[in-house]
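Worksheet: one structure, shown below.
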Amino acid sequence: MTHPPVELGTFPTPVEPAPRLAAALGLGPDDLWIKRDDLTGLGGGGNKIRKLEWTLGAALAEGADTLVTTGAPQSNHARLTAAAGARLGWDVVLVLRGSPGVSRSGNLALDGLFGARLVWAGDVDRAGLDAMAAEVCERLRKNGSRPALVPFGGSSTLGARGYVRCGEELSRQVPDPRTVVVALGSGGTMAGLVASLGSAAVLGVDVGALADPAAAVAKFAAPLTAEAVAPDRLRVRRDQVGDGYATLTGPAAGALRLAARTEGLVLDPVYTGRALAGLAAAVRDGDVRPGERTVFVHTGGLPGLFGHAEAVAYAEEGVVVHEP
């Protein structure tokens, strides 16, 4: 049974033209549009809000009073789970990979501001992180709480329903786009878009969060569509991962600066920076062509920029000081 979603975001998010960025990428001035899912409202905005509306709707119906989820230290999903818990009056426990003291800025600062409790899992893999979250839930139950475990990245077939709705929203705003470009992390965002727009229209740019992101997309999307969803038929670029998920790649750094200086658009170093770098590569190799309507889904993540020391240093290098 699918429970109704809770209302957390501000929708529809706007779609804006990006003619100067389009020209810089080698597209026509009317070819590129930005779907502003960084402007979803709650907790600094971002794509995870659409997923949380559905997963927390189920948690509410099941009588939960505490949310538990997992992620990296600068997880956007963890930040927005904390914000959603604050709005709903629930306790939130974030089980994060790593150790305390690495950073107190970016998403971590907002986690604390929203009142979330942090559990540091140490240097563990995904299975270890999941095991720690299960232990936390068990301890909470023994203490009389009713925890709901929100999946990694908020991604599941249920959470992907939020991006089915986004795809429907986008179809009304920009009819018949040839390509919709989105960062591909835990898979739920792309899955919902594939379910609503079709696999041929959606280009996912892998950010390195999962070993096999296409399989995750297919798994989440298949129950939501009559179309057969095969991982090897999805449009996925895996050329932007670089040295790993948390690193700032050269193309992503260039994309951050390009979006900022052509459109005043702020991207983040892990997700949307890589996604724009992937779009630029797709234009260069002819997968995205001038004269075709292209939508870039801005999935947010701005607070994470300020917790990424390398990205902050790169941004500060661009400051030009003029003597009076």
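Naming works like this for the structure tokens: A, B, ... for the chains as they're shown, residue 1 at the start of each chain, ligands 1 onward in shown order.
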Quick one: everything within 8 Å of region 169-176 of chain A, counting only C-alpha atoms, minus sequence neighbours fewer than 5 positions away in the same chain. Send it as a ChimeraX atom specification. /A:12,15,35,197,293
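Non-sequential neighbours of Ala72 (chain A) (distance at most 8 Å, separation of 5 or more positions within a chain, only C-alpha atoms) are Leu96, Arg97 and Gly98 of chain A.
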List the spatial neighbours of Ala127 (chain A) as a PyMOL selection string - criterion: any atom at most 12 Å away, only C-alpha atoms, same-chain residues fewer than 5 positions off excluded. chain A and resi 70-71+97+121+132-134+152
Pull the alpha helix (DSSP H) assignments for region 96-182 of chain A out of DSSP run on the backbone, and list those residues as a ChimeraX atom specification. /A:107-113,126-142,157-173
